Structure formats: structure tokens, C-alpha cells
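Participant: Just one file: run.cif, with mmCIF, C-alpha atoms.
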```cif
data_run
#
loop_
_atom_site.group_PDB
_atom_site.id
_atom_site.type_symbol
_atom_site.label_atom_id
_atom_site.label_comp_id
_atom_site.auth_asym_id
_atom_site.auth_seq_id
_atom_site.Cartn_x
_atom_site.Cartn_y
_atom_site.Cartn_z
ATOM 1 C CA ALA Y 1 -19.999 -2.591 6.092
ATOM 2 C CA GLY Y 2 -17.249 -5.201 5.874
ATOM 3 C CA ARG Y 3 -16.428 -4.805 9.559
ATOM 4 C CA HIS Y 4 -20.082 -5.128 10.549
ATOM 5 C CA PHE Y 5 -21.157 -7.989 8.286
ATOM 6 C CA VAL Y 6 -18.095 -10.241 7.961
ATOM 7 C CA GLY Y 7 -15.597 -8.981 10.545
ATOM 8 C CA ALA Y 8 -13.215 -7.427 7.998
ATOM 9 C CA LYS Y 9 -10.761 -5.030 9.627
ATOM 10 C CA ASP Y 10 -8.952 -3.886 6.496
ATOM 11 C CA LEU Y 11 -9.755 -1.742 3.505
ATOM 12 C CA HIS Y 12 -7.529 -3.540 1.061
ATOM 13 C CA TYR Y 13 -8.085 -6.173 -1.578
ATOM 14 C CA GLY Y 14 -8.177 -9.848 -0.866
ATOM 15 C CA TYR Y 15 -5.762 -12.447 -2.193
ATOM 16 C CA TRP Y 16 -7.899 -15.464 -2.887
ATOM 17 C CA GLN Y 17 -5.928 -18.704 -2.629
ATOM 18 C CA ASP Y 18 -7.217 -21.698 -4.572
ATOM 19 C CA ASP Y 19 -8.614 -23.317 -1.419
ATOM 20 C CA VAL Y 20 -10.658 -20.234 -0.444
ATOM 21 C CA GLU Y 21 -14.081 -19.833 -1.983
ATOM 22 C CA PRO Y 22 -14.437 -16.255 -3.321
ATOM 23 C CA VAL Y 23 -17.483 -15.296 -1.272
ATOM 24 C CA ILE Y 24 -17.934 -12.304 1.015
ATOM 25 C CA ARG Y 25 -17.734 -14.306 4.251
ATOM 26 C CA ASN Y 26 -14.135 -15.246 3.303
ATOM 27 C CA LEU Y 27 -13.047 -11.645 2.739
ATOM 28 C CA PRO Y 28 -11.207 -11.281 6.090
ATOM 29 C CA ARG Y 29 -9.142 -14.409 5.340
ATOM 30 C CA ALA Y 30 -8.380 -13.214 1.800
ATOM 31 C CA GLN Y 31 -7.386 -9.785 3.140
ATOM 32 C CA GLU Y 32 -4.994 -11.392 5.615
ATOM 33 C CA GLU Y 33 -3.519 -13.514 2.785
ATOM 34 C CA TYR Y 34 -3.033 -10.308 0.803
ATOM 35 C CA CYS Y 35 -1.267 -8.652 3.728
ATOM 36 C CA GLN Y 36 1.019 -11.670 4.153
ATOM 37 C CA PHE Y 37 1.774 -11.605 0.408
ATOM 38 C CA ILE Y 38 2.873 -7.983 0.697
ATOM 39 C CA LEU Y 39 4.955 -8.659 3.809
ATOM 40 C CA ARG Y 40 6.820 -11.437 1.974
ATOM 41 C CA HIS Y 41 7.956 -8.812 -0.548
ATOM 42 C CA ILE Y 42 9.198 -6.256 1.974
ATOM 43 C CA PRO Y 43 12.717 -7.117 3.068
ATOM 44 C CA ALA Y 44 12.743 -8.202 6.706
ATOM 45 C CA ASP Y 45 16.054 -6.350 7.131
ATOM 46 C CA ALA Y 46 14.563 -3.054 5.931
ATOM 47 C CA GLU Y 47 14.953 -1.038 9.116
ATOM 48 C CA ARG Y 48 12.979 2.023 7.975
ATOM 49 C CA VAL Y 49 9.835 1.642 5.839
ATOM 50 C CA LEU Y 50 7.738 4.397 4.316
ATOM 51 C CA ASP Y 51 4.116 3.258 3.920
ATOM 52 C CA ILE Y 52 2.494 5.543 1.349
ATOM 53 C CA GLY Y 53 -1.290 5.596 1.573
ATOM 54 C CA CYS Y 54 -1.293 3.573 4.784
ATOM 55 C CA GLY Y 55 -5.086 3.331 4.985
ATOM 56 C CA ALA Y 56 -6.227 2.303 8.445
ATOM 57 C CA GLY Y 57 -2.707 1.102 9.322
ATOM 58 C CA SER Y 58 -2.984 -2.697 9.160
ATOM 59 C CA VAL Y 59 0.124 -3.281 7.026
ATOM 60 C CA ALA Y 60 2.081 -0.798 9.135
ATOM 61 C CA ALA Y 61 0.998 -2.713 12.260
ATOM 62 C CA HIS Y 62 2.473 -5.919 10.833
ATOM 63 C CA LEU Y 63 5.705 -4.122 9.960
ATOM 64 C CA VAL Y 64 5.981 -2.670 13.468
ATOM 65 C CA ALA Y 65 5.372 -6.154 14.900
ATOM 66 C CA ARG Y 66 8.348 -7.343 12.831
ATOM 67 C CA GLY Y 67 10.483 -4.669 14.499
ATOM 68 C CA GLN Y 68 10.597 -2.248 11.585
ATOM 69 C CA LYS Y 69 10.371 1.518 11.992
ATOM 70 C CA VAL Y 70 7.496 2.862 9.917
ATOM 71 C CA ASP Y 71 6.470 6.287 8.733
ATOM 72 C CA CYS Y 72 3.046 6.614 7.115
ATOM 73 C CA VAL Y 73 1.866 9.166 4.562
ATOM 74 C CA SER Y 74 -1.799 9.698 3.769
ATOM 75 C CA PRO Y 75 -3.925 12.718 2.860
ATOM 76 C CA SER Y 76 -7.014 11.301 4.614
ATOM 77 C CA SER Y 77 -7.640 12.645 8.103
ATOM 78 C CA PHE Y 78 -10.311 9.987 8.686
ATOM 79 C CA LEU Y 79 -8.016 7.072 7.780
ATOM 80 C CA ASN Y 80 -5.112 8.639 9.648
ATOM 81 C CA GLY Y 81 -7.347 8.734 12.720
ATOM 82 C CA GLN Y 82 -8.081 5.024 12.301
ATOM 83 C CA ALA Y 83 -4.371 4.278 11.847
ATOM 84 C CA HIS Y 84 -3.538 6.317 14.952
ATOM 85 C CA LYS Y 85 -6.107 4.341 16.992
ATOM 86 C CA LEU Y 86 -4.470 1.093 15.865
ATOM 87 C CA LEU Y 87 -0.827 2.161 16.042
ATOM 88 C CA GLY Y 88 -0.670 4.890 18.675
ATOM 89 C CA ASP Y 89 2.801 6.411 18.770
ATOM 90 C CA LYS Y 90 4.502 3.346 17.245
ATOM 91 C CA VAL Y 91 4.650 5.109 13.861
ATOM 92 C CA ARG Y 92 4.784 8.658 12.576
ATOM 93 C CA ILE Y 93 1.813 9.628 10.423
ATOM 94 C CA PHE Y 94 2.161 12.502 7.968
ATOM 95 C CA GLU Y 95 -1.102 13.934 6.672
ATOM 96 C CA CYS Y 96 -0.342 15.087 3.140
ATOM 97 C CA ASP Y 97 -0.203 13.964 -0.458
ATOM 98 C CA TYR Y 98 2.928 11.952 -1.173
ATOM 99 C CA GLU Y 99 3.999 14.505 -3.777
ATOM 100 C CA ASP Y 100 4.176 17.102 -0.960
ATOM 101 C CA PHE Y 101 5.943 14.869 1.592
ATOM 102 C CA GLN Y 102 9.311 16.210 2.777
ATOM 103 C CA PRO Y 103 10.972 13.548 4.950
ATOM 104 C CA THR Y 104 13.935 14.012 7.224
ATOM 105 C CA ASN Y 105 15.018 10.376 6.798
ATOM 106 C CA GLU Y 106 15.999 8.022 4.027
ATOM 107 C CA TYR Y 107 14.133 4.727 3.855
ATOM 108 C CA ASP Y 108 15.189 1.159 3.198
ATOM 109 C CA CYS Y 109 11.824 0.431 1.591
ATOM 110 C CA VAL Y 110 9.102 2.607 0.103
ATOM 111 C CA LEU Y 111 5.751 0.792 -0.034
ATOM 112 C CA PHE Y 112 2.731 1.577 -2.192
ATOM 113 C CA CYS Y 113 -0.033 -0.800 -1.102
ATOM 114 C CA GLU Y 114 -3.038 0.042 -3.301
ATOM 115 C CA SER Y 115 -1.971 3.669 -3.266
ATOM 116 C CA PHE Y 116 0.227 4.097 -6.334
ATOM 117 C CA GLN Y 117 -2.812 4.685 -8.527
ATOM 118 C CA TYR Y 118 -3.527 7.884 -6.565
ATOM 119 C CA VAL Y 119 -0.013 9.315 -6.901
ATOM 120 C CA LYS Y 120 1.032 11.452 -9.841
ATOM 121 C CA MET Y 121 3.392 8.992 -11.443
ATOM 122 C CA ALA Y 122 6.418 11.048 -12.571
ATOM 123 C CA PRO Y 123 6.699 13.270 -9.467
ATOM 124 C CA GLY Y 124 5.875 10.333 -7.206
ATOM 125 C CA LEU Y 125 8.646 8.169 -8.632
ATOM 126 C CA ALA Y 126 11.059 11.113 -8.484
ATOM 127 C CA ASN Y 127 10.242 11.376 -4.760
ATOM 128 C CA VAL Y 128 10.910 7.667 -4.312
ATOM 129 C CA ALA Y 129 14.360 8.161 -5.849
ATOM 130 C CA ARG Y 130 15.048 10.899 -3.266
ATOM 131 C CA HIS Y 131 13.548 9.028 -0.309
ATOM 132 C CA LEU Y 132 15.216 5.632 -0.787
ATOM 133 C CA ARG Y 133 18.667 5.026 0.626
ATOM 134 C CA PRO Y 134 21.164 3.661 -1.894
ATOM 135 C CA GLY Y 135 20.290 0.004 -2.433
ATOM 136 C CA GLY Y 136 16.788 0.482 -1.013
ATOM 137 C CA GLN Y 137 13.701 -1.157 -2.472
ATOM 138 C CA MET Y 138 10.380 0.145 -3.770
ATOM 139 C CA VAL Y 139 7.388 -2.198 -3.516
ATOM 140 C CA ILE Y 140 4.240 -1.463 -5.509
ATOM 141 C CA CYS Y 141 1.194 -3.670 -5.069
ATOM 142 C CA ASP Y 142 -1.578 -2.145 -7.142
ATOM 143 C CA PHE Y 143 -3.295 -2.622 -10.459
ATOM 144 C CA PHE Y 144 -2.554 -1.082 -13.828
ATOM 145 C CA ARG Y 145 -4.644 -0.606 -16.951
ATOM 146 C CA LEU Y 146 -3.724 -2.635 -20.018
ATOM 147 C CA PRO Y 147 -4.165 -1.167 -23.514
ATOM 148 C CA GLU Y 148 -6.881 -3.662 -24.456
ATOM 149 C CA PHE Y 149 -8.919 -2.733 -21.370
ATOM 150 C CA GLU Y 150 -9.575 1.001 -21.462
ATOM 151 C CA TRP Y 151 -12.636 0.557 -19.244
ATOM 152 C CA SER Y 152 -12.638 -1.296 -15.942
ATOM 153 C CA PRO Y 153 -15.555 -1.898 -13.568
ATOM 154 C CA ILE Y 154 -13.367 -0.897 -10.604
ATOM 155 C CA SER Y 155 -11.804 2.077 -12.398
ATOM 156 C CA GLY Y 156 -8.462 3.643 -11.521
ATOM 157 C CA GLY Y 157 -4.947 2.483 -12.109
ATOM 158 C CA HIS Y 158 -2.204 4.040 -14.215
ATOM 159 C CA LYS Y 159 -1.715 2.807 -17.758
ATOM 160 C CA LEU Y 160 0.900 0.052 -17.661
ATOM 161 C CA GLU Y 161 2.641 1.332 -20.796
ATOM 162 C CA GLU Y 162 3.017 4.804 -19.266
ATOM 163 C CA PHE Y 163 4.362 3.315 -16.039
ATOM 164 C CA GLN Y 164 6.937 1.280 -17.946
ATOM 165 C CA LYS Y 165 8.094 4.411 -19.795
ATOM 166 C CA VAL Y 166 8.388 6.487 -16.614
ATOM 167 C CA ILE Y 167 10.044 3.784 -14.541
#
```
Would you mind writing the structure in this file as C-alpha cells?
Facilitator:
Amino acid sequence: AGRHFVGAKDLHYGYWQDDVEPVIRNLPRAQEEYCQFILRHIPADAERVLDIGCGAGSVAAHLVARGQKVDCVSPSSFLNGQAHKLLGDKVRIFECDYEDFQPTNEYDCVLFCESFQYVKMAPGLANVARHLRPGGQMVICDFFRLPEFEWSPISGGHKLEEFQKVI
């Protein structure tokens, strides 16, 4: 619907800057701002990046354009097909849950872009510890539930207190 009605090409959230009115027609701009926000937090010198829950591949495409080698992990055959159409053979796409992913490489950065909420926290973070090279960086851009907000209209998200204990 977003692609048809407002030209959105991404699935992810928008990052609404103060000068952007939060209306649906501005969603593509807000999504691009969000992508740029994430890219600013991924080290430019991270040679190998693991994009967990890569969606349709838009963040991975930006990383490849920066010259980074990217592997993608996603359990969704539909989204992996979209990512493959966008990225071709520029990345490796692994179709599995992250908890089942068995890489042959270590990574300089492990990225969760709106995907951490779908990963079983303790085993997922244990995998990150195995997949990151020494000195590597994990980037999580997602939302968490606060104790005072047990119900959320958009649902999902790990409890922040539990995350802080596990991390």
C-alpha cells in the first residue's frame, strides 16, 4: 500500500525530523531519514556486516554502496525474494531464524534493524557474541516495552528491564 499510494520503498519505520510534517505523504522521506540515522551508527570501517532481519534489503543496499560486505539473515522467503531482486548477488541471503544461523565468518558489525523484537533474546545475544569479531559492534534499532506501558497499540518489543538484565 505504501509503495502504491506514497511511493514508499521500505518496510521500516520513519524518523520524523522537526521540519517534516508527520503525514503519510512524507513517509518515504521519513523512512530515508531513518535509514540514514542507522547508517550513521554503523562504523564505516566495518568491513563485514551481518544484517539480521534484512526485510526487503534497503539498508543492506546502502551498506553495499558504502563498500561493505553484507550477509543477510531472514526467515521470510517473500522478503528474501524482494531483497534478492534489489541486491542480486551483491550479498548473501540466509533464509532461517537468527537463532539457527551458523555463519562461516566473523563480523565487524551485527545489525538488528527492527528485528531484535523477533529474536529470542538470550540465545540471540549469545549468537551475537559468537558472530562478532573481537572489538566488533552490535547495533540494535528497535523498540522496547517500559514497565509502565504493558500495552502498546503497535505491540511487540522485549521488556527493557529484561533486556538490560540479559545484556
Participant: Looking at only C-alpha atoms, which of Y:Leu146, Y:Asp18, Y:Asp97, Y:Gln68 is the one that sits closest to Tyr118 (chain Y)?
Facilitator: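 Comparing Y:Leu146, Y:Asp18, Y:Asp97, Y:Gln68 against Tyr118 (chain Y), the winner is Y:Asp97.
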Participant: Could you tell me which of Y:Phe37, Y:Phe116, Y:Phe101, Y:Tyr13 comes closest to His131 (chain Y) if we count only C-alpha atoms?
Facilitator: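 Going through Y:Phe37, Y:Phe116, Y:Phe101, Y:Tyr13 one by one, the smallest distance to His131 (chain Y) is for Y:Phe101.
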Participant: List every protein, DNA or RNA residue that has at least one atom no more than 7 Å from (10.4, 3.2, 1.8) in the file's coordinates, counting all atoms listed in the file, and write the result as a PyMOL selection string.
Facilitator: chain Y and resi 48-51+107-111+131-132+137-138
Participant: Out of Y:Ile42, Y:Cys96, Y:Leu79, Y:Leu125, which residue has the shortest atom-to-atom distance to Ala56 (chain Y) when counting only C-alpha atoms?
Facilitator: Y:Leu79
Participant: Could you tell me which of Y:Asp89, Y:Glu21, Y:Glu162, Y:Asp142 comes closest to Met121 (chain Y) if we count only C-alpha atoms?
Facilitator: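 Among the listed residues, Y:Glu162 lies closest to Met121 (chain Y).
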